[in-house]
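Asker: Next comes the structure file upload_17.cif, holding mmCIF, C-alpha atoms.
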```cif
data_query
loop_
_atom_site.label_atom_id
_atom_site.label_comp_id
_atom_site.auth_asym_id
_atom_site.auth_seq_id
_atom_site.Cartn_x
_atom_site.Cartn_y
_atom_site.Cartn_z
CA MET A 1275 0.00 0.00 0.00
CA GLY A 1276 2.76 2.42 0.93
CA ALA A 1277 4.59 1.73 -2.33
CA GLY A 1278 1.41 2.50 -4.25
CA LEU A 1279 1.14 5.88 -2.56
CA VAL A 1280 4.83 6.56 -3.21
CA GLU A 1281 4.18 5.88 -6.91
CA ARG A 1282 1.59 8.64 -6.66
CA GLY A 1283 4.05 11.12 -5.11
CA ALA A 1284 3.86 10.45 -1.37
CA ILE A 1285 6.88 10.17 0.92
CA LEU A 1286 7.02 6.88 2.85
CA ILE A 1287 8.41 6.50 6.34
CA ASP A 1288 8.38 2.77 7.03
CA ALA A 1289 8.41 1.65 10.67
CA ASP A 1290 9.56 -1.86 9.74
CA GLN A 1291 12.57 -0.44 7.89
CA ILE A 1292 13.35 1.80 10.82
CA VAL A 1293 13.25 -1.23 13.11
CA ARG A 1294 15.72 -3.03 10.83
CA ASP A 1295 17.95 0.08 10.82
CA LEU A 1296 17.87 0.35 14.61
CA GLN A 1297 18.59 -3.36 15.04
CA ARG A 1298 21.88 -3.23 13.16
CA PRO A 1299 25.00 -4.17 15.13
CA GLY A 1300 26.34 -1.21 17.07
CA GLU A 1301 22.97 0.52 17.32
CA PRO A 1302 21.54 1.05 20.85
CA VAL A 1303 18.45 -1.07 20.12
CA PHE A 1304 20.61 -3.99 18.94
CA GLU A 1305 22.83 -3.66 22.02
CA ALA A 1306 19.80 -3.58 24.37
CA MET A 1307 18.39 -6.70 22.73
CA VAL A 1308 21.67 -8.57 23.07
CA GLN A 1309 21.93 -7.45 26.68
CA ARG A 1310 18.43 -8.81 27.34
CA TRP A 1311 18.64 -12.14 25.46
CA GLY A 1312 22.35 -12.72 25.01
CA GLN A 1313 24.26 -14.15 22.09
CA ALA A 1314 21.38 -16.53 21.32
CA VAL A 1315 19.82 -13.71 19.28
CA VAL A 1316 23.00 -12.95 17.31
CA SER A 1317 23.67 -14.87 14.10
CA ALA A 1318 27.08 -16.12 13.04
CA ASP A 1319 27.72 -12.98 10.96
CA GLY A 1320 27.10 -10.74 13.98
CA THR A 1321 23.70 -9.45 12.89
CA LEU A 1322 20.43 -9.95 14.71
CA ASP A 1323 18.94 -13.42 14.33
CA ARG A 1324 15.31 -12.39 13.83
CA ALA A 1325 14.05 -15.97 13.91
CA ALA A 1326 15.68 -16.49 17.32
CA VAL A 1327 14.13 -13.27 18.62
CA ALA A 1328 10.72 -14.30 17.26
CA GLU A 1329 10.97 -17.68 18.95
CA VAL A 1330 11.59 -16.00 22.29
CA VAL A 1331 9.07 -13.17 22.12
CA PHE A 1332 6.15 -14.75 20.31
CA ASN A 1333 5.95 -17.53 22.88
CA ASP A 1334 6.14 -15.35 25.99
CA ALA A 1335 4.02 -12.25 26.61
CA ASP A 1336 6.54 -10.80 29.08
CA GLU A 1337 9.38 -11.12 26.60
CA LEU A 1338 7.24 -9.55 23.86
CA ALA A 1339 6.53 -6.65 26.22
CA ALA A 1340 10.27 -6.35 26.88
CA LEU A 1341 10.98 -6.25 23.14
CA ASN A 1342 8.31 -3.61 22.65
CA ASP A 1343 9.79 -1.55 25.50
CA ILE A 1344 13.19 -1.66 23.79
CA VAL A 1345 12.07 -1.07 20.22
CA HIS A 1346 8.92 1.07 20.17
CA PRO A 1347 10.21 4.24 21.87
CA ALA A 1348 13.26 4.33 19.60
CA VAL A 1349 11.14 3.75 16.50
CA GLY A 1350 8.70 6.46 17.56
CA THR A 1351 11.50 8.95 18.07
CA GLU A 1352 13.05 8.13 14.70
CA MET A 1353 9.70 8.34 12.91
CA VAL A 1354 9.00 11.78 14.37
CA LYS A 1355 12.49 12.90 13.29
CA ARG A 1356 12.06 11.57 9.73
CA ARG A 1357 8.59 13.07 9.49
CA ALA A 1358 9.92 16.51 10.42
CA GLU A 1359 12.72 16.15 7.87
CA ALA A 1360 10.25 15.14 5.15
CA ALA A 1361 7.96 18.06 5.95
CA GLU A 1362 10.90 20.47 5.80
CA GLU A 1363 12.19 19.09 2.49
CA SER A 1364 8.77 18.72 0.81
CA PRO A 1365 6.19 20.76 2.71
CA ASP A 1366 3.35 19.99 0.27
CA ALA A 1367 3.94 16.24 -0.02
CA ILE A 1368 1.77 13.60 1.54
CA VAL A 1369 3.88 11.86 4.19
CA VAL A 1370 2.82 8.29 4.92
CA LEU A 1371 3.90 6.71 8.18
CA ASP A 1372 3.69 2.96 7.64
CA ILE A 1373 3.13 1.68 11.18
CA PRO A 1374 2.02 -1.95 11.29
CA LEU A 1375 1.45 -1.91 15.05
CA LEU A 1376 -0.36 1.43 15.45
CA VAL A 1377 -2.76 -0.27 17.88
CA ARG A 1378 -1.44 -2.20 20.87
CA PRO A 1379 -2.62 -5.77 21.52
CA ASP A 1380 -4.91 -4.44 24.29
CA GLY A 1381 -6.70 -2.34 21.66
CA GLU A 1382 -5.23 1.00 22.71
CA PRO A 1383 -3.86 3.13 19.86
CA ILE A 1384 -0.27 4.32 20.13
CA ALA A 1385 -1.08 7.24 17.84
CA GLU A 1386 -0.41 9.67 20.71
CA ARG A 1387 3.26 9.20 19.85
CA TYR A 1388 2.55 10.63 16.43
CA ARG A 1389 0.74 13.86 17.30
CA GLY A 1390 -0.45 15.81 14.36
CA LEU A 1391 -1.47 12.86 12.22
CA VAL A 1392 -4.07 14.12 9.81
CA GLY A 1393 -5.62 10.75 9.08
CA ILE A 1394 -5.15 7.06 9.70
CA VAL A 1395 -5.38 4.50 6.91
CA VAL A 1396 -5.83 0.88 7.94
CA VAL A 1397 -5.11 -1.91 5.48
CA ASP A 1398 -7.45 -4.69 6.50
CA ALA A 1399 -7.50 -8.37 5.56
CA ASP A 1400 -9.51 -11.29 6.82
CA PRO A 1401 -7.38 -13.02 9.49
CA GLU A 1402 -7.54 -16.33 7.64
CA ILE A 1403 -6.15 -14.68 4.52
CA ALA A 1404 -3.44 -13.05 6.64
CA VAL A 1405 -2.45 -16.48 7.99
CA GLN A 1406 -2.33 -17.94 4.47
CA ARG A 1407 -0.13 -15.07 3.29
CA LEU A 1408 2.29 -15.39 6.20
CA VAL A 1409 2.67 -19.08 5.46
CA ALA A 1410 3.06 -18.59 1.69
CA GLN A 1411 5.12 -15.38 1.61
CA ARG A 1412 7.24 -15.55 4.75
CA GLY A 1413 7.53 -19.31 5.15
CA LEU A 1414 6.00 -19.38 8.63
CA SER A 1415 4.19 -22.43 9.88
CA GLU A 1416 0.46 -21.98 10.25
CA GLU A 1417 0.84 -22.31 14.03
CA ASP A 1418 3.52 -19.59 14.13
CA ALA A 1419 1.46 -17.29 11.89
CA ARG A 1420 -1.57 -17.68 14.15
CA ALA A 1421 0.53 -17.08 17.27
CA ARG A 1422 1.94 -13.86 15.84
CA ILE A 1423 -1.47 -12.60 14.80
CA SER A 1424 -2.90 -13.46 18.23
CA ARG A 1425 -0.31 -11.22 19.88
CA GLN A 1426 -1.39 -8.20 17.83
CA ALA A 1427 -4.40 -5.96 18.13
CA ASP A 1428 -7.59 -7.54 16.87
CA ARG A 1429 -9.23 -6.52 13.64
CA GLU A 1430 -12.00 -4.53 15.33
CA SER A 1431 -9.52 -2.44 17.34
CA ARG A 1432 -7.51 -1.60 14.23
CA LEU A 1433 -10.61 -0.68 12.25
CA ALA A 1434 -11.86 1.51 15.13
CA VAL A 1435 -8.95 3.95 14.66
CA ALA A 1436 -9.28 4.11 10.85
CA ASP A 1437 -10.25 7.22 8.96
CA PHE A 1438 -9.88 5.29 5.69
CA VAL A 1439 -9.84 1.53 5.14
CA ILE A 1440 -8.19 -0.35 2.29
CA HIS A 1441 -9.55 -3.89 1.97
CA ASN A 1442 -6.73 -6.30 1.15
CA ASP A 1443 -8.53 -9.60 0.77
CA GLY A 1444 -7.98 -9.85 -2.99
CA THR A 1445 -5.17 -9.48 -5.48
CA LEU A 1446 -2.66 -6.68 -5.95
CA ALA A 1447 -4.72 -5.52 -8.93
CA ASP A 1448 -7.74 -5.21 -6.62
CA LEU A 1449 -5.75 -2.74 -4.50
CA GLU A 1450 -5.06 -0.22 -7.27
CA PRO A 1451 -8.47 1.52 -7.29
CA GLN A 1452 -8.45 1.59 -3.50
CA ILE A 1453 -4.98 3.15 -3.45
CA ASP A 1454 -6.18 5.74 -5.98
CA ALA A 1455 -9.13 6.54 -3.73
CA CYS A 1456 -6.86 6.71 -0.69
CA HIS A 1457 -4.50 9.08 -2.48
CA ARG A 1458 -7.40 11.32 -3.48
CA TRP A 1459 -8.65 11.29 0.11
CA ALA A 1460 -5.20 12.05 1.55
CA SER A 1461 -4.70 14.85 -0.99
CA SER A 1462 -7.96 16.45 0.14
CA LEU A 1463 -6.84 16.68 3.78
CA ALA A 1464 -5.51 19.96 5.09
#
```
Is it possible to express this structure as structure tokens?
Answerer:
Amino acid sequence: MGAGLVERGAILIDADQIVRDLQRPGEPVFEAMVQRWGQAVVSADGTLDRAAVAEVVFNDADELAALNDIVHPAVGTEMVKRRAEAAEESPDAIVVLDIPLLVRPDGEPIAERYRGLVGIVVVDADPEIAVQRLVAQRGLSEEDARARISRQADRESRLAVADFVIHNDGTLADLEPQIDACHRWASSLA
């Protein structure tokens, strides 16, 4: 979805990419994660072993909370910084903050970290389709996919914060008219 808006002139600030940037060796987030979980989360080449982290945090709510406490504040700070830079460089551009976990698992939005958001777009998919895609596209087992989804905010909580919803139950081609409509909507916002 974000790429489709970029094709239409928007600037994308991707939370997942920021997480990857902050989890590089030598970065404070990486160091905090290694301090918490030890060398078991470091791969042979010295980078973060994401599968090892996932195995720890997606099977233990306390460890997931610890990961979130390490990662989320740093990501929020970096997103605010990049948003300000984008606004300074291109004041008339639509700036899209791609935040997969904008709503906490308890249903509370974390949008307060991103004051001044003009609108929230939620990309929604049936949970069964989401499981199928995680299995097919990321190689997760069905059990792992379901466990990860269960640790995220439910569909209703995500939809409750939406100002605009893109339905992602179909093909990529099905998304195009919705992305066009979203771009028109975002362009109309002050």
Asker: Of the candidates A:Val1327, A:Ala1447, A:Val1369, A:Ile1285, which one gets nearest to Gly1393 of chain A if we count all atoms listed in the file?
Answerer: A:Val1369
Asker: Pick from A:Glu1362, A:Asp1334, A:Glu1301, A:Asp1372: nearest to Ile1287 of chain A, with all atoms listed in the file counted?
Answerer: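 Closest candidate: A:Asp1372.
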Asker: Applying 10 Å and all atoms listed in the file, which residues near Gly1278 of chain A remain after dropping the ones on its own chain fewer than 6 positions away? List them as a PyMOL selection string.
Answerer: chain A and resi 1284+1449-1450+1452-1454+1456-1457
Asker: In Å, how far is it from atom CA of Leu1463 of chain A to atom CA of Ser1364 of chain A?
Answerer: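 Computing it gives 16.0 Å between the two atoms.
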Asker: Excluding Asp1290 of chain A and its own-chain neighbours fewer than 5 positions away, which residues fall within 9 Å of it when counting all atoms listed in the file? Please give them as a ChimeraX atom specification.
Answerer: /A:1295,1349,1372-1374
Asker: Grab the atom CA of Ala1325 of chain A to atom CA of Leu1376 of chain A distance for me, in Å with one decimal place.
Answerer: 22.6 Å
Asker: My list of candidates is A:Gly1350, A:Asn1333, A:Arg1429, A:Ile1344. Which is closest to Glu1305 of chain A when distances are computed with all atoms listed in the file?
Answerer: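 Of A:Gly1350, A:Asn1333, A:Arg1429, A:Ile1344, the one nearest Glu1305 of chain A, counting all atoms listed in the file, is A:Ile1344.
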